[in-house]
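structure.pdb follows; it contains PDB, C-alpha atoms.
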```pdb
ATOM      1  CA  MET A 187      12.056  19.511 -20.246  1.00  0.00           C
ATOM      2  CA  LEU A 188       8.684  21.236 -20.149  1.00  0.00           C
ATOM      3  CA  PRO A 189       8.304  24.221 -17.837  1.00  0.00           C
ATOM      4  CA  LEU A 190       6.409  23.411 -14.635  1.00  0.00           C
ATOM      5  CA  HIS A 191       3.513  25.772 -15.441  1.00  0.00           C
ATOM      6  CA  SER A 192       2.762  23.795 -18.622  1.00  0.00           C
ATOM      7  CA  LEU A 193       1.533  20.886 -16.474  1.00  0.00           C
ATOM      8  CA  GLY A 194      -1.420  22.910 -15.187  1.00  0.00           C
ATOM      9  CA  GLU A 195      -3.160  22.709 -11.831  1.00  0.00           C
ATOM     10  CA  ARG A 196      -3.873  18.971 -11.510  1.00  0.00           C
ATOM     11  CA  ILE A 197      -0.661  16.998 -11.816  1.00  0.00           C
ATOM     12  CA  VAL A 198      -0.277  13.238 -11.526  1.00  0.00           C
ATOM     13  CA  VAL A 199       3.058  11.791 -10.431  1.00  0.00           C
ATOM     14  CA  LEU A 200       3.612   8.181 -11.500  1.00  0.00           C
ATOM     15  CA  GLY A 201       6.389   5.665 -11.120  1.00  0.00           C
ATOM     16  CA  PRO A 202       7.372   2.445  -9.403  1.00  0.00           C
ATOM     17  CA  SER A 203       7.528   2.038  -5.630  1.00  0.00           C
ATOM     18  CA  ASN A 204      10.256   4.042  -3.890  1.00  0.00           C
ATOM     19  CA  ALA A 205      11.163   6.067  -6.985  1.00  0.00           C
ATOM     20  CA  GLY A 206      10.542   9.350  -5.123  1.00  0.00           C
ATOM     21  CA  LYS A 207       6.924  10.108  -6.076  1.00  0.00           C
ATOM     22  CA  SER A 208       5.814  11.207  -2.613  1.00  0.00           C
ATOM     23  CA  THR A 209       8.843  13.416  -2.038  1.00  0.00           C
ATOM     24  CA  LEU A 210       8.429  15.061  -5.443  1.00  0.00           C
ATOM     25  CA  ALA A 211       4.690  15.582  -4.872  1.00  0.00           C
ATOM     26  CA  VAL A 212       5.373  17.367  -1.571  1.00  0.00           C
ATOM     27  CA  ALA A 213       8.037  19.564  -3.195  1.00  0.00           C
ATOM     28  CA  LEU A 214       5.618  20.483  -6.011  1.00  0.00           C
ATOM     29  CA  SER A 215       2.893  21.245  -3.482  1.00  0.00           C
ATOM     30  CA  LYS A 216       5.197  23.574  -1.558  1.00  0.00           C
ATOM     31  CA  LYS A 217       6.240  25.326  -4.763  1.00  0.00           C
ATOM     32  CA  LEU A 218       2.739  25.655  -6.269  1.00  0.00           C
ATOM     33  CA  GLY A 219       0.548  25.827  -3.157  1.00  0.00           C
ATOM     34  CA  PHE A 220      -1.621  22.901  -4.322  1.00  0.00           C
ATOM     35  CA  PRO A 221      -2.683  20.111  -1.942  1.00  0.00           C
ATOM     36  CA  THR A 222      -0.844  16.800  -2.092  1.00  0.00           C
ATOM     37  CA  ILE A 223      -2.826  13.591  -2.391  1.00  0.00           C
ATOM     38  CA  HIS A 224      -0.920  10.381  -1.648  1.00  0.00           C
ATOM     39  CA  LEU A 225      -2.929   7.502  -3.122  1.00  0.00           C
ATOM     40  CA  ASP A 226      -1.256   4.992  -0.797  1.00  0.00           C
ATOM     41  CA  GLN A 227      -2.809   6.903   2.123  1.00  0.00           C
ATOM     42  CA  LEU A 228      -6.240   6.560   0.533  1.00  0.00           C
ATOM     43  CA  HIS A 229      -5.694   2.894  -0.331  1.00  0.00           C
ATOM     44  CA  HIS A 230      -4.506   1.813   3.134  1.00  0.00           C
ATOM     45  CA  LEU A 231      -6.034   2.149   6.572  1.00  0.00           C
ATOM     46  CA  PRO A 232      -4.222   4.474   8.985  1.00  0.00           C
ATOM     47  CA  HIS A 233      -2.735   3.015  12.179  1.00  0.00           C
ATOM     48  CA  THR A 234      -2.045  -0.326  10.459  1.00  0.00           C
ATOM     49  CA  ASP A 235       0.957  -1.996   8.830  1.00  0.00           C
ATOM     50  CA  TRP A 236      -0.364  -1.017   5.386  1.00  0.00           C
ATOM     51  CA  LYS A 237      -3.649  -2.928   5.563  1.00  0.00           C
ATOM     52  CA  GLN A 238      -5.749  -2.202   2.461  1.00  0.00           C
ATOM     53  CA  ARG A 239      -9.152  -0.558   2.575  1.00  0.00           C
ATOM     54  CA  PRO A 240     -12.043  -2.302   0.835  1.00  0.00           C
ATOM     55  CA  GLU A 241     -11.771  -1.598  -2.919  1.00  0.00           C
ATOM     56  CA  ALA A 242     -15.095   0.270  -3.152  1.00  0.00           C
ATOM     57  CA  GLU A 243     -14.093   2.559  -0.292  1.00  0.00           C
ATOM     58  CA  PHE A 244     -10.723   3.297  -1.885  1.00  0.00           C
ATOM     59  CA  ALA A 245     -12.302   4.000  -5.289  1.00  0.00           C
ATOM     60  CA  ALA A 246     -14.808   6.386  -3.674  1.00  0.00           C
ATOM     61  CA  LEU A 247     -12.012   8.263  -1.869  1.00  0.00           C
ATOM     62  CA  HIS A 248     -10.004   8.444  -5.095  1.00  0.00           C
ATOM     63  CA  ASP A 249     -12.955   9.683  -7.147  1.00  0.00           C
ATOM     64  CA  ALA A 250     -13.780  12.344  -4.544  1.00  0.00           C
ATOM     65  CA  ALA A 251     -10.143  13.515  -4.456  1.00  0.00           C
ATOM     66  CA  ILE A 252      -9.871  14.018  -8.222  1.00  0.00           C
ATOM     67  CA  LEU A 253     -12.788  16.470  -8.143  1.00  0.00           C
ATOM     68  CA  GLY A 254     -10.581  19.158  -6.586  1.00  0.00           C
ATOM     69  CA  GLU A 255      -9.604  22.115  -8.749  1.00  0.00           C
ATOM     70  CA  GLN A 256      -5.913  21.919  -7.848  1.00  0.00           C
ATOM     71  CA  TRP A 257      -3.826  18.975  -6.706  1.00  0.00           C
ATOM     72  CA  ILE A 258      -0.637  17.024  -6.953  1.00  0.00           C
ATOM     73  CA  MET A 259      -1.655  13.357  -6.872  1.00  0.00           C
ATOM     74  CA  GLU A 260       1.010  10.705  -6.545  1.00  0.00           C
ATOM     75  CA  GLY A 261       0.595   6.987  -6.933  1.00  0.00           C
ATOM     76  CA  ASN A 262      -0.291   4.516  -9.631  1.00  0.00           C
ATOM     77  CA  TYR A 263      -3.289   2.224  -9.130  1.00  0.00           C
ATOM     78  CA  THR A 264      -3.700   1.650 -12.852  1.00  0.00           C
ATOM     79  CA  ARG A 265      -7.329   0.541 -12.537  1.00  0.00           C
ATOM     80  CA  LEU A 266      -8.289   4.105 -11.472  1.00  0.00           C
ATOM     81  CA  MET A 267      -6.156   5.964 -14.001  1.00  0.00           C
ATOM     82  CA  PRO A 268      -8.888   6.610 -16.602  1.00  0.00           C
ATOM     83  CA  GLN A 269     -10.942   8.905 -14.356  1.00  0.00           C
ATOM     84  CA  ARG A 270      -7.804  10.456 -12.838  1.00  0.00           C
ATOM     85  CA  PHE A 271      -6.319  11.213 -16.249  1.00  0.00           C
ATOM     86  CA  ALA A 272      -9.637  12.670 -17.419  1.00  0.00           C
ATOM     87  CA  ARG A 273      -9.244  15.341 -14.693  1.00  0.00           C
ATOM     88  CA  ALA A 274      -5.455  15.724 -14.775  1.00  0.00           C
ATOM     89  CA  THR A 275      -3.808  18.575 -16.652  1.00  0.00           C
ATOM     90  CA  GLY A 276      -0.250  17.221 -16.639  1.00  0.00           C
ATOM     91  CA  ALA A 277       1.889  14.270 -15.589  1.00  0.00           C
ATOM     92  CA  ILE A 278       5.333  13.427 -14.316  1.00  0.00           C
ATOM     93  CA  LEU A 279       6.864   9.963 -14.587  1.00  0.00           C
ATOM     94  CA  ILE A 280       9.844   9.156 -12.404  1.00  0.00           C
ATOM     95  CA  THR A 281      11.697   5.877 -12.506  1.00  0.00           C
ATOM     96  CA  SER A 282      15.097   4.739 -11.325  1.00  0.00           C
ATOM     97  CA  ASN A 283      17.230   1.656 -10.943  1.00  0.00           C
ATOM     98  CA  HIS A 284      15.480  -1.114  -9.020  1.00  0.00           C
ATOM     99  CA  TRP A 285      18.462  -1.533  -6.665  1.00  0.00           C
ATOM    100  CA  LEU A 286      18.263   2.163  -5.732  1.00  0.00           C
ATOM    101  CA  ARG A 287      14.529   1.791  -5.100  1.00  0.00           C
ATOM    102  CA  PHE A 288      15.189  -1.311  -2.987  1.00  0.00           C
ATOM    103  CA  SER A 289      17.748   0.552  -0.854  1.00  0.00           C
ATOM    104  CA  ARG A 290      15.249   3.399  -0.390  1.00  0.00           C
ATOM    105  CA  TYR A 291      12.636   0.880   0.732  1.00  0.00           C
ATOM    106  CA  LEU A 292      14.991  -0.596   3.326  1.00  0.00           C
ATOM    107  CA  LYS A 293      15.999   2.854   4.570  1.00  0.00           C
ATOM    108  CA  ARG A 294      12.449   4.194   4.855  1.00  0.00           C
ATOM    109  CA  THR A 295      11.210   1.029   6.547  1.00  0.00           C
ATOM    110  CA  LEU A 296      14.054   0.802   9.045  1.00  0.00           C
ATOM    111  CA  ILE A 297      13.985   4.519   9.910  1.00  0.00           C
ATOM    112  CA  ASN A 298      10.170   4.553   9.913  1.00  0.00           C
ATOM    113  CA  SER A 299       9.865   8.340  10.161  1.00  0.00           C
ATOM    114  CA  ALA A 300       6.414   9.834  10.626  1.00  0.00           C
ATOM    115  CA  ASN A 301       7.773  12.893   8.768  1.00  0.00           C
ATOM    116  CA  ARG A 302       8.490  10.952   5.558  1.00  0.00           C
ATOM    117  CA  ALA A 303       6.465  12.146   2.603  1.00  0.00           C
ATOM    118  CA  GLY A 304       3.557   9.771   2.054  1.00  0.00           C
ATOM    119  CA  HIS A 305       3.894   8.091   5.461  1.00  0.00           C
ATOM    120  CA  LEU A 306       0.736   6.314   6.558  1.00  0.00           C
ATOM    121  CA  GLU A 307      -0.617   7.975   9.695  1.00  0.00           C
ATOM    122  CA  GLY A 308       0.124   5.956  12.805  1.00  0.00           C
ATOM    123  CA  ALA A 309       1.707   3.124  10.828  1.00  0.00           C
ATOM    124  CA  LYS A 310       4.753   1.195  11.906  1.00  0.00           C
ATOM    125  CA  ASP A 311       6.392  -0.101   8.758  1.00  0.00           C
ATOM    126  CA  SER A 312       7.939  -3.532   8.602  1.00  0.00           C
ATOM    127  CA  ILE A 313      10.057  -5.160   5.925  1.00  0.00           C
ATOM    128  CA  LYS A 314       7.879  -7.434   3.812  1.00  0.00           C
ATOM    129  CA  TRP A 315       9.103 -10.110   1.392  1.00  0.00           C
ATOM    130  CA  GLU A 316       6.125  -9.303  -0.822  1.00  0.00           C
ATOM    131  CA  MET A 317       7.337  -5.703  -1.147  1.00  0.00           C
ATOM    132  CA  ILE A 318      10.926  -6.781  -1.832  1.00  0.00           C
ATOM    133  CA  HIS A 319       9.644  -9.046  -4.633  1.00  0.00           C
ATOM    134  CA  TRP A 320       7.437  -6.182  -5.898  1.00  0.00           C
ATOM    135  CA  ILE A 321      10.424  -3.819  -6.166  1.00  0.00           C
ATOM    136  CA  LEU A 322      13.117  -6.201  -7.405  1.00  0.00           C
ATOM    137  CA  VAL A 323      11.069  -8.448  -9.696  1.00  0.00           C
ATOM    138  CA  LYS A 324       7.468  -7.516 -10.382  1.00  0.00           C
ATOM    139  CA  THR A 325       7.922  -3.780 -11.120  1.00  0.00           C
ATOM    140  CA  ARG A 326      11.573  -3.902 -12.103  1.00  0.00           C
ATOM    141  CA  ASN A 327      10.854  -2.507 -15.590  1.00  0.00           C
ATOM    142  CA  SER A 328       7.472  -0.855 -15.048  1.00  0.00           C
ATOM    143  CA  GLY A 329       8.700   2.532 -16.289  1.00  0.00           C
ATOM    144  CA  ALA A 330       8.029   1.508 -19.896  1.00  0.00           C
ATOM    145  CA  LYS A 331       4.455   0.515 -19.014  1.00  0.00           C
ATOM    146  CA  TYR A 332       3.787   3.875 -17.367  1.00  0.00           C
ATOM    147  CA  ALA A 333       5.457   5.770 -20.232  1.00  0.00           C
ATOM    148  CA  LYS A 334       3.135   4.048 -22.722  1.00  0.00           C
ATOM    149  CA  ILE A 335       0.057   4.862 -20.615  1.00  0.00           C
ATOM    150  CA  LEU A 336       1.111   8.500 -20.403  1.00  0.00           C
ATOM    151  CA  GLN A 337       1.811   8.711 -24.131  1.00  0.00           C
ATOM    152  CA  GLU A 338      -1.694   7.425 -24.830  1.00  0.00           C
ATOM    153  CA  SER A 339      -3.185   9.914 -22.344  1.00  0.00           C
ATOM    154  CA  LYS A 340      -1.980  12.888 -24.434  1.00  0.00           C
ATOM    155  CA  LEU A 341      -1.267  14.810 -21.202  1.00  0.00           C
ATOM    156  CA  PRO A 342       1.734  17.160 -21.159  1.00  0.00           C
ATOM    157  CA  THR A 343       4.348  14.899 -19.583  1.00  0.00           C
ATOM    158  CA  VAL A 344       7.799  15.150 -18.058  1.00  0.00           C
ATOM    159  CA  GLU A 345       9.809  11.932 -17.662  1.00  0.00           C
ATOM    160  CA  CYS A 346      12.809  11.382 -15.380  1.00  0.00           C
ATOM    161  CA  HIS A 347      14.352   7.935 -15.796  1.00  0.00           C
ATOM    162  CA  THR A 348      17.416   8.327 -13.577  1.00  0.00           C
ATOM    163  CA  ALA A 349      18.198   9.797 -10.173  1.00  0.00           C
ATOM    164  CA  GLU A 350      20.322  12.392 -11.986  1.00  0.00           C
ATOM    165  CA  ALA A 351      17.380  13.437 -14.172  1.00  0.00           C
ATOM    166  CA  LEU A 352      15.180  13.789 -11.098  1.00  0.00           C
ATOM    167  CA  ASN A 353      17.833  15.908  -9.367  1.00  0.00           C
ATOM    168  CA  SER A 354      17.977  18.090 -12.485  1.00  0.00           C
ATOM    169  CA  LEU A 355      14.192  18.504 -12.409  1.00  0.00           C
ATOM    170  CA  TYR A 356      14.400  19.786  -8.822  1.00  0.00           C
ATOM    171  CA  GLN A 357      17.068  22.258  -9.871  1.00  0.00           C
ATOM    172  CA  VAL A 358      15.452  23.492 -13.114  1.00  0.00           C
ATOM    173  CA  TRP A 359      12.036  23.956 -11.493  1.00  0.00           C
ATOM    174  CA  ASP A 360      13.613  25.455  -8.350  1.00  0.00           C
ATOM    175  CA  LEU A 361      11.852  22.973  -6.081  1.00  0.00           C
ATOM    176  CA  PRO A 362      12.522  22.760  -2.346  1.00  0.00           C
ATOM    177  CA  THR A 363      15.551  20.557  -1.728  1.00  0.00           C
ATOM    178  CA  ARG A 364      14.921  16.920  -0.976  1.00  0.00           C
ATOM    179  CA  ARG A 365      16.077  15.513   2.350  1.00  0.00           C
TER
END
```
Could you rewrite the structure in this file as structure tokens?
Amino acid sequence: MLPLHSLGERIVVLGPSNAGKSTLAVALSKKLGFPTIHLDQLHHLPHTDWKQRPEAEFAALHDAAILGEQWIMEGNYTRLMPQRFARATGAILITSNHWLRFSRYLKRTLINSANRAGHLEGAKDSIKWEMIHWILVKTRNSGAKYAKILQESKLPTVECHTAEALNSLYQVWDLPTRR
């Protein structure tokens, strides 16, 4: 595993929904003192049940955010990766079993905590069949897709493909403990 400092000052965190990207990004931000940017918060309107912004508005927010000198940016949105990767100095890919990600989705939606990393301001989450299908079917094996994209990017990359590997990353990098 690469040392944390080798990823530089603009780190992207990728992975499928409910893999732990937001939580990891917050832990990295606390450790490094860099701001956290949650792409889902830029892509969706606050005080809604995850209603999407117009695409041009989201792209403008994304492109403005990547101009910062230091950041931890979590989220995928493949269509905007080229400009993000051009500014990034390192990347982390986290994946895990789709059933674990599904259980995390149910837990986060039912608890609906405003303190959850990546929570949409003022939003009241609800369980959506579209999201269940997204987690269990559509992105079930998306880790390989993201790994290929990262390999082609030539960015220094750390990959965690199991919950155990992610726990090890927290320990090795001495990151604040996850809740």
* **Distance criterion (all atoms listed in the file): nearest to Gly308 (chain A) out of A:Pro342, A:Gly194, A:Gly276, A:Pro232** =>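 Once distances to Gly308 (chain A) are computed over all atoms listed in the file, the minimum belongs to A:Pro232.
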* Asked: Quick one: of A:Gly254, A:Asp226, A:His191, A:Ser282, who's nearest to Trp359 (chain A), counting only C-alpha atoms?
  ->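 Residue with the minimum atom-to-atom distance to Trp359 (chain A): A:His191.
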* Asked: Taking all atoms listed in the file into account, which of A:Ser312, A:Thr348, A:Gln357, A:Ser339 comes nearest Thr234 (chain A)?
  ->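 Ranked by minimum distance to Thr234 (chain A), first place goes to A:Ser312.
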Could you give me the axis-aligned bounding box of region 337-351 of chain A, with 4 Å of padding per side, as centre plus edge lengths in Å to one decimal, as lines of an AutoDock Vina configuration file?
```
center_x = 8.6
center_y = 12.3
center_z = -17.5
size_x = 31.5
size_y = 17.7
size_z = 22.7
```
* **Coordinates-based distance that separates CA of His224 (chain A) from CA of Gln238 (chain A) (Å, one decimal)** =>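 Atom-to-atom, CA of Gln238 (chain A) and CA of His224 (chain A) are spaced 14.1 Å apart.
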* To do: Up to 12 Å from (7.8, -5.7, -8.7) in the file's coordinates: name the residues, counting all atoms listed in the file, as a VMD selection string.
  => chain A and resid 201 to 204 284 to 285 287 to 288 315 to 329
* Separation of CA of Glu243 (chain A) from CA of His230 (chain A) in Å -> 10.2 Å
* Asked: Using all atoms listed in the file, which of the listed residues (A:Ala245, A:Ile252, A:Leu306, A:Ala274) sits closest to Leu193 (chain A)?
  ->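 So, comparing all the options, the nearest one is A:Ala274.
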* Could you write out as a PyMOL selection string the residues that the PyMOL selection byres ((chain A and resi 363) around 10) matches in the shown file? -> chain A and resi 209-210+213+353+356-357+360-362+364-365
With the PyMOL selection byres ((chain A and resi 302) around 12) as the selection, what would be picked from this file? Answer as a PDB file with C-alpha atoms, in the frame of the given file, please.
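Just written: expr-v2.pdb:
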```
ATOM      1  CA  ASN A 204      10.256   4.042  -3.890  1.00  0.00           C
ATOM      2  CA  GLY A 206      10.542   9.350  -5.123  1.00  0.00           C
ATOM      3  CA  LYS A 207       6.924  10.108  -6.076  1.00  0.00           C
ATOM      4  CA  SER A 208       5.814  11.207  -2.613  1.00  0.00           C
ATOM      5  CA  THR A 209       8.843  13.416  -2.038  1.00  0.00           C
ATOM      6  CA  LEU A 210       8.429  15.061  -5.443  1.00  0.00           C
ATOM      7  CA  VAL A 212       5.373  17.367  -1.571  1.00  0.00           C
ATOM      8  CA  HIS A 224      -0.920  10.381  -1.648  1.00  0.00           C
ATOM      9  CA  ARG A 290      15.249   3.399  -0.390  1.00  0.00           C
ATOM     10  CA  TYR A 291      12.636   0.880   0.732  1.00  0.00           C
ATOM     11  CA  LYS A 293      15.999   2.854   4.570  1.00  0.00           C
ATOM     12  CA  ARG A 294      12.449   4.194   4.855  1.00  0.00           C
ATOM     13  CA  THR A 295      11.210   1.029   6.547  1.00  0.00           C
ATOM     14  CA  ILE A 297      13.985   4.519   9.910  1.00  0.00           C
ATOM     15  CA  ASN A 298      10.170   4.553   9.913  1.00  0.00           C
ATOM     16  CA  SER A 299       9.865   8.340  10.161  1.00  0.00           C
ATOM     17  CA  ALA A 300       6.414   9.834  10.626  1.00  0.00           C
ATOM     18  CA  ASN A 301       7.773  12.893   8.768  1.00  0.00           C
ATOM     19  CA  ALA A 303       6.465  12.146   2.603  1.00  0.00           C
ATOM     20  CA  GLY A 304       3.557   9.771   2.054  1.00  0.00           C
ATOM     21  CA  HIS A 305       3.894   8.091   5.461  1.00  0.00           C
ATOM     22  CA  LEU A 306       0.736   6.314   6.558  1.00  0.00           C
ATOM     23  CA  GLU A 307      -0.617   7.975   9.695  1.00  0.00           C
ATOM     24  CA  ALA A 309       1.707   3.124  10.828  1.00  0.00           C
ATOM     25  CA  ASP A 311       6.392  -0.101   8.758  1.00  0.00           C
ATOM     26  CA  ARG A 364      14.921  16.920  -0.976  1.00  0.00           C
ATOM     27  CA  ARG A 365      16.077  15.513   2.350  1.00  0.00           C
TER      28      ARG A 365
END
```
* So which one's closest to Asn262 (chain A), A:Val358, A:Leu247, A:Leu279, A:Val344? Using all atoms listed in the file, please. -> A:Leu279
* To do: Evaluate the PyMOL selection byres ((chain A and resi 248) around 12) here and jot the selected residues down as a ChimeraX atom specification.
  => /A:223-230,239,241-247,249-254,259-263,265-270,273
* Asked: From the set A:Ala205, A:Ala211, A:Glu195, A:Phe271, which residue has the shortest atom-to-atom contact distance to Gln256 (chain A), counting all atoms listed in the file?
  ->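 Answer, going by the shortest atom-to-atom distance: A:Glu195.
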His347 (chain A) surroundings by all atoms listed in the file, 7 Å radius, close-in-sequence under 4 positions cut, as a CSV table (one decimal) with C-alpha atoms, in the frame of the given file:
```csv
chain,number,residue,atom,x,y,z
A,280,ILE,CA,9.8,9.2,-12.4
A,281,THR,CA,11.7,5.9,-12.5
A,282,SER,CA,15.1,4.7,-11.3
A,351,ALA,CA,17.4,13.4,-14.2
```
* Rounded to one decimal in Å, what is the spacing between CA of Pro189 (chain A) and CA of Leu352 (chain A)? ->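 Taking CA of Pro189 (chain A) and CA of Leu352 (chain A), their separation equals 14.2 Å.
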